[in-house]
$ cat data_15.cif   # mmCIF, C-alpha atoms and all ligand atoms
data_coords
#
loop_
_atom_site.label_atom_id
_atom_site.label_comp_id
_atom_site.auth_asym_id
_atom_site.auth_seq_id
_atom_site.Cartn_x
_atom_site.Cartn_y
_atom_site.Cartn_z
CA MET Z 1 29.86 18.21 6.42
CA THR Z 2 29.68 15.27 8.82
CA ASP Z 3 27.45 14.94 11.86
CA GLN Z 4 30.47 15.86 14.04
CA ASP Z 5 30.45 19.36 12.52
CA PHE Z 6 27.07 20.00 14.15
CA ILE Z 7 28.30 19.61 17.73
CA LEU Z 8 28.15 22.92 19.59
CA LYS Z 9 31.63 23.32 21.06
CA SER Z 10 31.96 26.65 22.79
CA TYR Z 11 29.00 28.13 24.61
CA ASN Z 12 28.16 29.72 27.91
CA THR Z 13 25.11 29.30 30.08
CA ASN Z 14 25.25 32.80 31.61
CA ILE Z 15 21.82 33.53 30.21
CA GLU Z 16 19.29 32.77 32.96
CA ASN Z 17 16.12 32.66 30.90
CA GLY Z 18 14.40 33.80 27.74
CA THR Z 19 11.70 33.15 25.17
CA VAL Z 20 11.91 32.34 21.47
CA LYS Z 21 9.13 31.84 18.94
CA TRP Z 22 8.96 30.45 15.40
CA GLU Z 23 6.34 29.54 12.85
CA SER Z 24 7.24 26.72 10.51
CA PRO Z 25 5.29 25.35 7.55
CA SER Z 26 4.35 21.89 6.41
CA ASN Z 27 5.69 20.61 3.09
CA ILE Z 28 4.48 18.29 0.35
CA ALA Z 29 6.94 15.92 -1.31
CA LEU Z 30 7.04 15.62 -5.11
CA VAL Z 31 9.65 12.83 -5.00
CA LYS Z 32 8.89 10.84 -1.85
CA TYR Z 33 11.05 9.82 1.10
CA TRP Z 34 10.02 6.26 1.96
CA GLY Z 35 12.60 4.04 3.65
CA LYS Z 36 15.40 5.03 6.01
CA LYS Z 37 18.63 3.75 7.52
CA ALA Z 38 19.78 4.19 11.13
CA HIS Z 39 19.88 7.76 12.54
CA GLN Z 40 17.20 9.05 10.20
CA ILE Z 41 19.34 8.75 7.08
CA PRO Z 42 17.05 8.45 4.04
CA GLU Z 43 17.36 5.51 1.65
CA ASN Z 44 16.65 7.84 -1.26
CA PRO Z 45 16.60 11.57 -2.00
CA SER Z 46 13.35 13.55 -1.95
CA ILE Z 47 12.20 17.03 -2.99
CA SER Z 48 9.24 19.01 -1.70
CA PHE Z 49 7.28 22.20 -2.11
CA THR Z 50 7.24 24.16 1.12
CA LEU Z 51 3.69 25.18 2.00
CA SER Z 52 2.61 28.60 3.19
CA ASP Z 53 -0.53 28.54 5.34
CA CYS Z 54 -0.41 25.09 6.95
CA LYS Z 55 2.03 25.74 9.75
CA THR Z 56 2.91 25.20 13.40
CA ILE Z 57 3.60 28.10 15.74
CA THR Z 58 5.86 27.24 18.66
CA GLU Z 59 7.14 29.30 21.56
CA ILE Z 60 9.79 27.97 23.91
CA SER Z 61 10.50 29.66 27.25
CA PHE Z 62 13.68 28.46 28.90
CA ALA Z 63 14.95 28.93 32.45
CA LYS Z 64 18.24 27.89 34.03
CA ARG Z 65 18.07 25.02 36.52
CA ASP Z 66 20.52 22.85 38.47
CA LEU Z 67 22.23 20.31 36.28
CA SER Z 68 20.37 17.05 36.36
CA THR Z 69 20.52 13.65 34.73
CA SER Z 70 17.16 14.01 33.01
CA PHE Z 71 15.67 16.55 30.62
CA SER Z 72 13.10 18.93 32.04
CA PHE Z 73 10.31 20.16 29.79
CA GLU Z 74 6.54 20.61 29.63
CA VAL Z 75 4.37 20.77 26.54
CA TYR Z 76 1.22 22.80 25.86
CA PHE Z 77 -0.81 22.20 22.72
CA GLU Z 78 -3.40 24.83 21.80
CA GLY Z 79 -3.26 26.26 25.32
CA LYS Z 80 -3.69 22.98 27.19
CA LYS Z 81 -1.05 20.85 28.86
CA ASN Z 82 -0.35 17.89 26.61
CA GLU Z 83 1.20 14.67 27.87
CA ALA Z 84 0.70 12.76 24.59
CA PHE Z 85 3.42 14.73 22.75
CA LYS Z 86 6.03 14.24 25.49
CA PRO Z 87 7.50 10.85 24.48
CA LYS Z 88 8.21 12.07 20.94
CA ILE Z 89 9.94 15.19 22.28
CA GLN Z 90 11.86 13.13 24.88
CA THR Z 91 13.18 10.92 22.04
CA PHE Z 92 14.00 14.04 20.03
CA PHE Z 93 15.99 15.53 22.93
CA GLU Z 94 17.87 12.23 23.37
CA ARG Z 95 18.79 12.19 19.68
CA ILE Z 96 19.98 15.81 19.55
CA GLU Z 97 21.68 16.15 22.92
CA THR Z 98 25.14 15.37 21.49
CA TYR Z 99 24.74 18.39 19.20
CA MET Z 100 23.17 20.69 21.84
CA PRO Z 101 24.98 19.95 25.11
CA PHE Z 102 23.10 22.75 26.95
CA LEU Z 103 19.75 20.89 26.89
CA ARG Z 104 20.08 19.63 30.49
CA ASP Z 105 21.02 23.09 31.79
CA TYR Z 106 17.52 24.50 31.25
CA HIS Z 107 13.86 23.79 31.85
CA PHE Z 108 11.81 24.29 28.68
CA LYS Z 109 8.17 25.27 28.40
CA ILE Z 110 7.05 24.37 24.88
CA GLU Z 111 3.79 25.97 23.71
CA THR Z 112 2.60 24.97 20.30
CA SER Z 113 -0.42 25.26 18.00
CA ASN Z 114 -1.25 24.56 14.36
CA THR Z 115 -3.06 26.73 11.83
CA PHE Z 116 -4.81 23.61 10.52
CA PRO Z 117 -7.19 21.49 12.59
CA HIS Z 118 -5.42 18.84 14.66
CA SER Z 119 -7.73 16.05 13.57
CA SER Z 120 -7.40 16.80 9.86
CA GLY Z 121 -5.11 13.91 9.02
CA ILE Z 122 -2.50 16.48 7.90
CA ALA Z 123 0.92 15.39 9.08
CA SER Z 124 1.98 17.88 11.71
CA SER Z 125 5.34 16.25 12.42
CA ALA Z 126 7.13 18.19 9.66
CA SER Z 127 5.93 21.61 10.78
CA GLY Z 128 5.98 20.65 14.48
CA MET Z 129 9.48 19.24 14.63
CA SER Z 130 10.96 21.95 12.43
CA ALA Z 131 9.41 24.65 14.65
CA ILE Z 132 10.96 23.11 17.80
CA ALA Z 133 14.32 22.70 16.05
CA LEU Z 134 14.28 26.37 15.03
CA CYS Z 135 13.41 27.54 18.56
CA LEU Z 136 16.27 25.47 19.98
CA MET Z 137 18.60 26.94 17.36
CA SER Z 138 17.63 30.46 18.43
CA ILE Z 139 18.50 29.52 22.01
CA GLU Z 140 21.78 28.02 20.82
CA ARG Z 141 22.55 31.21 18.91
CA SER Z 142 22.14 33.27 22.07
CA LEU Z 143 24.43 30.94 24.07
CA SER Z 144 27.05 30.43 21.38
CA GLU Z 145 30.42 32.11 21.80
CA VAL Z 146 31.01 32.21 18.07
CA GLU Z 147 29.02 34.01 15.40
CA VAL Z 148 26.34 31.77 13.83
CA THR Z 149 25.69 32.68 10.19
CA ASP Z 150 22.17 32.36 8.77
CA LYS Z 151 23.37 29.62 6.47
CA SER Z 152 24.77 27.48 9.28
CA PHE Z 153 21.72 28.30 11.44
CA ASN Z 154 19.36 26.92 8.78
CA GLN Z 155 21.60 23.98 8.04
CA LYS Z 156 21.76 22.89 11.67
CA ALA Z 157 18.03 23.56 12.20
CA SER Z 158 17.34 21.22 9.30
CA PHE Z 159 19.86 18.67 10.61
CA LEU Z 160 18.12 18.67 14.02
CA ALA Z 161 14.60 18.63 12.53
CA ARG Z 162 15.58 15.53 10.54
CA LEU Z 163 16.36 13.74 13.80
CA GLY Z 164 12.83 14.56 14.99
CA SER Z 165 11.06 13.53 11.78
CA GLY Z 166 12.72 13.01 8.41
CA SER Z 167 10.39 15.17 6.34
CA ALA Z 168 10.71 18.01 8.90
CA CYS Z 169 14.19 18.82 7.57
CA ARG Z 170 12.49 20.08 4.38
CA SER Z 171 10.38 22.66 6.25
CA ILE Z 172 13.01 25.26 7.17
CA GLU Z 173 13.32 27.03 3.84
CA GLY Z 174 11.30 27.42 0.64
CA GLU Z 175 10.20 27.18 -2.05
CA LEU Z 176 11.66 23.82 -3.02
CA VAL Z 177 13.89 21.76 -0.75
CA VAL Z 178 15.96 18.67 -1.53
CA TRP Z 179 16.94 16.17 1.13
CA GLY Z 180 19.20 13.19 0.44
CA LYS Z 181 22.37 12.92 -1.60
CA ASN Z 182 21.72 12.97 -5.34
CA GLU Z 183 24.32 13.36 -8.09
CA SER Z 184 22.33 15.91 -10.07
CA ILE Z 185 22.28 18.28 -7.06
CA PRO Z 186 25.89 18.60 -5.85
CA GLU Z 187 25.10 20.45 -2.59
CA SER Z 188 22.49 17.83 -1.52
CA SER Z 189 23.07 15.86 1.68
CA ASP Z 190 21.61 12.95 3.62
CA LEU Z 191 22.08 14.98 6.82
CA TYR Z 192 19.91 18.04 6.09
CA GLY Z 193 17.64 19.62 3.51
CA VAL Z 194 19.03 22.19 1.08
CA LYS Z 195 17.14 24.90 -0.76
CA PHE Z 196 16.81 23.90 -4.41
CA GLU Z 197 18.96 26.46 -6.23
CA GLY Z 198 18.36 25.27 -9.81
CA ASP Z 199 16.30 27.25 -12.34
CA VAL Z 200 12.56 27.21 -11.70
CA HIS Z 201 10.24 28.21 -14.57
CA SER Z 202 7.53 30.81 -13.94
CA ASN Z 203 4.88 28.08 -14.47
CA PHE Z 204 5.66 27.07 -10.90
CA ASN Z 205 5.29 30.58 -9.42
CA ASN Z 206 2.87 30.52 -6.51
CA PHE Z 207 1.90 26.93 -7.36
CA GLN Z 208 -1.34 25.95 -5.62
CA ASP Z 209 -2.00 23.00 -3.30
CA THR Z 210 -5.58 22.34 -2.22
CA ILE Z 211 -5.68 19.58 0.36
CA LEU Z 212 -8.81 17.44 0.20
CA LEU Z 213 -9.48 15.92 3.61
CA VAL Z 214 -10.81 12.51 2.69
CA ASP Z 215 -10.16 10.93 6.06
CA LYS Z 216 -9.38 12.91 9.19
CA GLY Z 217 -8.91 9.87 11.44
CA GLU Z 218 -5.71 8.37 12.84
CA LYS Z 219 -3.82 6.36 10.22
CA GLN Z 220 -3.80 2.58 10.80
CA VAL Z 221 -0.07 2.46 10.02
CA SER Z 222 2.27 5.29 11.02
CA SER Z 223 4.95 6.59 8.63
CA THR Z 224 7.62 5.34 11.02
CA VAL Z 225 6.31 1.77 10.74
CA GLY Z 226 5.85 2.16 6.98
CA HIS Z 227 9.50 3.23 6.58
CA GLN Z 228 10.62 0.13 8.50
CA LEU Z 229 8.71 -2.11 6.13
CA MET Z 230 11.07 -1.03 3.35
CA TYR Z 231 13.78 -3.18 4.98
CA GLY Z 232 13.91 -6.38 2.95
CA HIS Z 233 11.05 -5.15 0.72
CA PRO Z 234 11.29 -7.05 -2.60
CA PHE Z 235 11.13 -3.86 -4.72
CA ALA Z 236 13.08 -1.54 -2.42
CA GLN Z 237 16.35 -1.26 -4.35
CA GLU Z 238 14.57 -0.53 -7.64
CA ARG Z 239 12.41 2.05 -5.88
CA PHE Z 240 15.40 3.85 -4.37
CA LYS Z 241 17.07 3.93 -7.79
CA GLN Z 242 13.89 5.29 -9.37
CA ALA Z 243 13.71 8.14 -6.83
CA HIS Z 244 17.25 9.21 -7.83
CA GLU Z 245 16.26 9.21 -11.50
CA ASN Z 246 12.97 11.01 -10.88
CA LEU Z 247 14.73 13.75 -8.93
CA ALA Z 248 17.30 14.25 -11.70
CA GLN Z 249 14.49 14.45 -14.28
CA LEU Z 250 12.44 16.79 -12.13
CA LYS Z 251 15.38 19.18 -11.98
CA THR Z 252 15.23 19.53 -15.78
CA ILE Z 253 11.42 19.80 -15.73
CA LEU Z 254 11.47 22.55 -13.10
CA ALA Z 255 13.75 24.56 -15.39
CA SER Z 256 11.81 23.92 -18.62
CA GLY Z 257 8.36 24.41 -17.08
CA ASN Z 258 7.04 21.33 -18.90
CA LEU Z 259 3.90 20.67 -16.86
CA ASP Z 260 2.93 17.45 -18.68
CA GLU Z 261 6.25 15.91 -17.68
CA PHE Z 262 5.88 17.35 -14.17
CA ILE Z 263 2.49 15.63 -13.80
CA LYS Z 264 3.92 12.27 -14.90
CA ILE Z 265 6.66 12.30 -12.27
CA VAL Z 266 4.52 13.66 -9.43
CA GLU Z 267 1.56 11.32 -9.90
CA SER Z 268 3.79 8.32 -10.51
CA GLU Z 269 5.70 9.11 -7.28
CA ALA Z 270 2.44 9.25 -5.29
CA LEU Z 271 1.18 5.95 -6.68
CA THR Z 272 4.59 4.29 -6.26
CA LEU Z 273 4.62 5.32 -2.59
CA HIS Z 274 1.28 3.60 -2.09
CA ALA Z 275 2.34 0.63 -4.22
CA MET Z 276 5.27 0.15 -1.82
CA MET Z 277 2.78 0.03 1.07
CA MET Z 278 0.59 -2.46 -0.73
CA THR Z 279 3.56 -4.73 -1.46
CA SER Z 280 5.13 -4.56 2.02
CA MET Z 281 4.91 -7.53 4.37
CA PRO Z 282 2.61 -7.01 6.20
CA TYR Z 283 0.86 -5.12 3.37
CA PHE Z 284 -1.51 -2.25 3.98
CA ILE Z 285 -3.64 0.29 2.13
CA LEU Z 286 -3.97 3.90 3.26
CA MET Z 287 -6.05 5.15 0.33
CA LYS Z 288 -9.83 5.12 0.76
CA PRO Z 289 -12.48 4.64 -1.94
CA ASN Z 290 -12.92 8.42 -2.10
CA THR Z 291 -9.18 8.87 -2.74
CA LEU Z 292 -9.61 6.85 -5.95
CA GLU Z 293 -12.82 8.69 -6.86
CA ILE Z 294 -10.92 11.97 -6.67
CA ILE Z 295 -7.98 10.66 -8.71
CA ASN Z 296 -10.32 9.48 -11.46
CA LYS Z 297 -12.19 12.80 -11.49
CA ILE Z 298 -8.90 14.69 -11.81
CA TRP Z 299 -7.87 12.51 -14.74
CA SER Z 300 -11.15 12.99 -16.59
CA TYR Z 301 -11.18 16.74 -15.89
CA ARG Z 302 -7.66 16.95 -17.31
CA GLU Z 303 -8.68 15.04 -20.42
CA LYS Z 304 -11.73 17.24 -20.99
CA THR Z 305 -10.12 20.61 -20.34
CA ASN Z 306 -6.40 20.20 -21.02
CA SER Z 307 -5.81 21.53 -17.52
CA LYS Z 308 -2.42 20.95 -15.87
CA VAL Z 309 -3.93 20.01 -12.50
CA CYS Z 310 -2.49 16.89 -10.86
CA PHE Z 311 -2.50 15.09 -7.52
CA THR Z 312 -0.09 13.79 -4.98
CA LEU Z 313 -0.59 11.79 -1.79
CA ASP Z 314 1.36 11.49 1.41
CA ALA Z 315 1.09 8.54 3.77
CA GLY Z 316 -2.69 8.76 4.15
CA ALA Z 317 -5.99 9.02 2.30
CA ASN Z 318 -6.00 12.80 1.78
CA VAL Z 319 -5.32 14.16 -1.68
CA HIS Z 320 -3.12 17.16 -2.45
CA VAL Z 321 -4.40 18.81 -5.64
CA LEU Z 322 -1.55 20.71 -7.30
CA TYR Z 323 -2.08 23.30 -10.05
CA PRO Z 324 -0.56 26.44 -11.56
CA GLN Z 325 -1.57 29.86 -10.24
CA LYS Z 326 -3.12 30.83 -13.59
CA GLU Z 327 -5.65 27.99 -13.27
CA LYS Z 328 -6.62 28.97 -9.74
CA GLU Z 329 -10.17 30.06 -10.49
CA SER Z 330 -11.13 27.23 -12.82
CA VAL Z 331 -9.62 24.43 -10.74
CA LEU Z 332 -11.19 25.76 -7.53
CA GLU Z 333 -14.53 25.76 -9.31
CA PHE Z 334 -13.92 22.15 -10.38
CA ILE Z 335 -12.92 21.21 -6.81
CA LYS Z 336 -16.05 22.78 -5.36
CA ASN Z 337 -18.37 21.29 -7.96
CA GLU Z 338 -16.90 17.82 -8.28
CA LEU Z 339 -14.44 16.93 -5.54
CA ILE Z 340 -15.48 18.24 -2.14
CA ARG Z 341 -18.34 15.74 -2.02
CA TYR Z 342 -15.64 13.10 -1.44
CA CYS Z 343 -14.16 14.96 1.54
CA GLN Z 344 -15.10 14.27 5.14
CA ASN Z 345 -17.64 16.96 6.06
CA GLU Z 346 -16.74 18.63 2.73
CA HIS Z 347 -13.56 19.86 4.39
CA TYR Z 348 -10.60 21.09 2.34
CA ILE Z 349 -7.70 23.50 2.87
CA CYS Z 350 -6.33 25.91 0.26
CA ASP Z 351 -2.60 26.42 0.41
CA HIS Z 352 0.22 27.34 -1.96
CA ILE Z 353 3.98 27.18 -2.24
CA GLY Z 354 5.77 29.15 0.49
CA LEU Z 355 9.09 30.65 1.47
CA GLY Z 356 9.85 28.77 4.69
CA ALA Z 357 9.87 29.34 8.43
CA ASN Z 358 9.82 32.74 10.19
CA GLN Z 359 10.95 33.91 13.58
CA ILE Z 360 8.17 35.81 15.34
C1 LIG B 1 5.06 9.76 2.87
O1 LIG B 1 8.95 12.23 7.88
O2 LIG B 1 6.70 11.42 8.70
O3 LIG B 1 5.22 11.94 3.80
O4 LIG B 1 11.07 10.24 9.60
O5 LIG B 1 9.61 8.48 10.55
O6 LIG B 1 9.13 10.89 11.06
P1 LIG B 1 9.67 9.89 10.06
O7 LIG B 1 8.70 9.90 8.80
P2 LIG B 1 8.02 11.10 8.06
O8 LIG B 1 7.73 10.41 6.63
C2 LIG B 1 7.10 11.11 5.62
C3 LIG B 1 6.85 10.27 4.45
C4 LIG B 1 6.00 10.84 3.35
C5 LIG B 1 6.86 11.25 2.17
C6 LIG B 1 7.64 12.54 2.27
O9 LIG B 1 7.22 13.48 2.96
O10 LIG B 1 8.69 12.59 1.60
#
$ encode --input "data_15.cif" --output "structure tokens"
Amino acid sequence: MTDQDFILKSYNTNIENGTVKWESPSNIALVKYWGKKAHQIPENPSISFTLSDCKTITEISFAKRDLSTSFSFEVYFEGKKNEAFKPKIQTFFERIETYMPFLRDYHFKIETSNTFPHSSGIASSASGMSAIALCLMSIERSLSEVEVTDKSFNQKASFLARLGSGSACRSIEGELVVWGKNESIPESSDLYGVKFEGDVHSNFNNFQDTILLVDKGEKQVSSTVGHQLMYGHPFAQERFKQAHENLAQLKTILASGNLDEFIKIVESEALTLHAMMMTSMPYFILMKPNTLEIINKIWSYREKTNSKVCFTLDAGANVHVLYPQKEKESVLEFIKNELIRYCQNEHYICDHIGLGANQI
């Protein structure tokens, strides 16, 4: 597939208006995407667990209008008109217009809300952008003059979501999604996420992710800026190579169910991501003292109990605590007793691996 294959060629705009609605989850990367080329092409492959409960719900109502030179849309967030989200959506429309030539034919009312609190420091761009991409795909499906299979629907939704926010392309399907070309996964692509079709051991069934909200504030450095700092970064090429190797190894680990090896890759990936930030120019640190407190507590709990709990981080101070379903009770007890004191207002969110987005 090339990007040309995603251009909608034959469609009609006989449909005057309509409404579509999707809910789309967030995801947590095990091998991290950090660094990109032009047009949202990743420098290295990544793989993520799709989440289940942390999601964005988006409804788009569309109505025919006279053809114009500009896009026409309005955005509502949690019931209120929201101007702050408009520039990001404007940029998104500009990037995807080539592939969806009907965008100027309609006015769009975009109404969106999250199941997690807005000021939680949880990245909403993955769930948010994937939900919009899916709604637009449903509109495209109704206008298209050729049959759109579910496979090509998901593939193009992921392709579009990537153009909104890279990690969003991993939020269409579940339970594991790979994005970025990697030799060990022949169907993988830089253009869209693909469902991981390799063997997955039952140790990973209903894997748990408890998100500890260490810092709910705005990040000092956005992911987009962080990605840019990988240009000319002294360790970048080694890092990109390492991500390829870690993904290939993780494929074997997912099949064998070896949780000790899983922990090594996942925690090393999280710390490498933050090491890249600390060695960028300008350098920056997104972890907070309580992030480190939590990491140390997890390590000593693991030593004491032989638990298979581990952590990962995204581009912020919050900690994702990952653990097998069969340890749910004991690890939750540990979290409540020893970790929530490090969270802002003792706030945490329990989630688990999920199956992907749903049309509502
Ligand atoms: C650290 O997808 O938010 O979460 O493509 O610029 O929107 P943009 O960046 P974004 O980056 C996410 C980076 C990460 C790692 C990951 O999810 O793989």
$ residues_near_ligand --input "data_15.cif" --ligand "ligand LIG 1 (chain B)" --cutoff "8 Å" --atoms "all atoms listed in the file" --output "PyMOL selection string"
chain Z and resi 27-34+36+40+46-48+123+125-126+162-168+222-225+227+273+313-316
$ atom_distance --input "data_15.cif" --atom1 "atom CA of Glu16 of chain Z" --atom2 "atom CA of Ile172 of chain Z"
27.6 Å
$ atom_distance --input "data_15.cif" --atom1 "atom CA of Asn306 of chain Z" --atom2 "atom CA of Leu271 of chain Z"
21.6 Å
$ atom_distance --input "data_15.cif" --atom1 "atom CA of Trp22 of chain Z" --atom2 "atom CA of Thr115 of chain Z"
13.1 Å
$ closest_residue --input "data_15.cif" --among "Z:Asp351, Z:Lys80, Z:Glu218, Z:Met276" --to "Gln237 of chain Z" --atoms "only C-alpha atoms"
Z:Met276
$ closest_residue --input "data_15.cif" --among "Z:Tyr301, Z:Glu267, Z:Met137, Z:Gly354" --to "Thr149 of chain Z" --atoms "all atoms listed in the file"
Z:Met137
$ closest_residue --input "data_15.cif" --among "Z:Trp179, Z:Phe62, Z:Tyr11, Z:Phe240" --to "Arg141 of chain Z" --atoms "all atoms listed in the file"
Z:Tyr11
$ closest_residue --input "data_15.cif" --among "Z:His39, Z:Lys326, Z:Lys251, Z:Lys88" --to "Ser202 of chain Z" --atoms "all atoms listed in the file"
Z:Lys326
$ residues_near_point --input "data_15.cif" --point "(23.3, 20.0, -6.1)" --cutoff "12 Å" --atoms "all atoms listed in the file" --output "mmCIF file with C-alpha atoms, in the frame of the given file"
data_model
loop_
_atom_site.group_PDB
_atom_site.id
_atom_site.type_symbol
_atom_site.label_atom_id
_atom_site.label_comp_id
_atom_site.auth_asym_id
_atom_site.auth_seq_id
_atom_site.Cartn_x
_atom_site.Cartn_y
_atom_site.Cartn_z
ATOM 1 C CA PRO Z 45 16.600 11.570 -2.000
ATOM 2 C CA ILE Z 47 12.200 17.030 -2.990
ATOM 3 C CA VAL Z 177 13.890 21.760 -0.750
ATOM 4 C CA VAL Z 178 15.960 18.670 -1.530
ATOM 5 C CA TRP Z 179 16.940 16.170 1.130
ATOM 6 C CA GLY Z 180 19.200 13.190 0.440
ATOM 7 C CA LYS Z 181 22.370 12.920 -1.600
ATOM 8 C CA ASN Z 182 21.720 12.970 -5.340
ATOM 9 C CA GLU Z 183 24.320 13.360 -8.090
ATOM 10 C CA SER Z 184 22.330 15.910 -10.070
ATOM 11 C CA ILE Z 185 22.280 18.280 -7.060
ATOM 12 C CA PRO Z 186 25.890 18.600 -5.850
ATOM 13 C CA GLU Z 187 25.100 20.450 -2.590
ATOM 14 C CA SER Z 188 22.490 17.830 -1.520
ATOM 15 C CA SER Z 189 23.070 15.860 1.680
ATOM 16 C CA GLY Z 193 17.640 19.620 3.510
ATOM 17 C CA VAL Z 194 19.030 22.190 1.080
ATOM 18 C CA LYS Z 195 17.140 24.900 -0.760
ATOM 19 C CA PHE Z 196 16.810 23.900 -4.410
ATOM 20 C CA GLU Z 197 18.960 26.460 -6.230
ATOM 21 C CA GLY Z 198 18.360 25.270 -9.810
ATOM 22 C CA ASP Z 199 16.300 27.250 -12.340
ATOM 23 C CA LEU Z 247 14.730 13.750 -8.930
ATOM 24 C CA ALA Z 248 17.300 14.250 -11.700
ATOM 25 C CA LYS Z 251 15.380 19.180 -11.980
#
$ closest_residue --input "data_15.cif" --among "Z:Val214, Z:Glu238, Z:Leu332, Z:Thr272" --to "Ile294 of chain Z" --atoms "only C-alpha atoms"
Z:Val214
$ residues_around --input "data_15.cif" --residues "Ala161 of chain Z" --least-positions-apart "6" --cutoff "6 Å" --atoms "all atoms listed in the file" --output "PyMOL selection string"
chain Z and resi 129-130+133+168-169
$ residues_around --input "data_15.cif" --residues "segment 281-292 of chain Z" --least-positions-apart "3" --cutoff "10 Å" --atoms "all atoms listed in the file" --output "PyMOL selection string"
chain Z and resi 212-215+219-221+226+229-234+274-278+295-298+313-319+339+341-344
$ residues_around --input "data_15.cif" --residues "Ser70 of chain Z" --least-positions-apart "5" --cutoff "12 Å" --atoms "only C-alpha atoms" --output "PDB file with C-alpha atoms, in the frame of the given file"
ATOM      1  CA  ARG Z  65      18.070  25.020  36.520  1.00  0.00           C
ATOM      2  CA  GLN Z  90      11.860  13.130  24.880  1.00  0.00           C
ATOM      3  CA  PHE Z  93      15.990  15.530  22.930  1.00  0.00           C
ATOM      4  CA  GLU Z  94      17.870  12.230  23.370  1.00  0.00           C
ATOM      5  CA  GLU Z  97      21.680  16.150  22.920  1.00  0.00           C
ATOM      6  CA  LEU Z 103      19.750  20.890  26.890  1.00  0.00           C
ATOM      7  CA  ARG Z 104      20.080  19.630  30.490  1.00  0.00           C
ATOM      8  CA  ASP Z 105      21.020  23.090  31.790  1.00  0.00           C
ATOM      9  CA  TYR Z 106      17.520  24.500  31.250  1.00  0.00           C
ATOM     10  CA  HIS Z 107      13.860  23.790  31.850  1.00  0.00           C
TER      11      HIS Z 107
END
$ closest_residue --input "data_15.cif" --among "Z:Glu43, Z:Glu333, Z:Glu23, Z:Glu111" --to "Phe73 of chain Z" --atoms "all atoms listed in the file"
Z:Glu111
$ residues_around --input "data_15.cif" --residues "Gln155 of chain Z" --least-positions-apart "4" --cutoff "7 Å" --atoms "only C-alpha atoms" --output "list in words"
Lys151, Phe159 and Tyr192 of chain Z
$ residues_near_point --input "data_15.cif" --point "(-4.1, 23.2, 17.4)" --cutoff "12 Å" --atoms "all atoms listed in the file" --output "MDAnalysis selection string"
chainID Z and resid 54:58 76:80 82 111:120 122 124 128
$ residues_around --input "data_15.cif" --residues "Lys336 of chain Z" --least-positions-apart "6" --cutoff "12 Å" --atoms "only C-alpha atoms" --output "list in words"
Thr210, Leu212, Glu329, Ser330, Tyr342, Cys343, Glu346, His347, Tyr348, Ile349 and Cys350 of chain Z
$ write_last_selection --input "data_15.cif" --atoms "C-alpha atoms" --output "PDB file, in the frame of the given file"
ATOM      1  CA  THR Z 210      -5.580  22.340  -2.220  1.00  0.00           C
ATOM      2  CA  LEU Z 212      -8.810  17.440   0.200  1.00  0.00           C
ATOM      3  CA  GLU Z 329     -10.170  30.060 -10.490  1.00  0.00           C
ATOM      4  CA  SER Z 330     -11.130  27.230 -12.820  1.00  0.00           C
ATOM      5  CA  TYR Z 342     -15.640  13.100  -1.440  1.00  0.00           C
ATOM      6  CA  CYS Z 343     -14.160  14.960   1.540  1.00  0.00           C
ATOM      7  CA  GLU Z 346     -16.740  18.630   2.730  1.00  0.00           C
ATOM      8  CA  HIS Z 347     -13.560  19.860   4.390  1.00  0.00           C
ATOM      9  CA  TYR Z 348     -10.600  21.090   2.340  1.00  0.00           C
ATOM     10  CA  ILE Z 349      -7.700  23.500   2.870  1.00  0.00           C
ATOM     11  CA  CYS Z 350      -6.330  25.910   0.260  1.00  0.00           C
TER      12      CYS Z 350
END
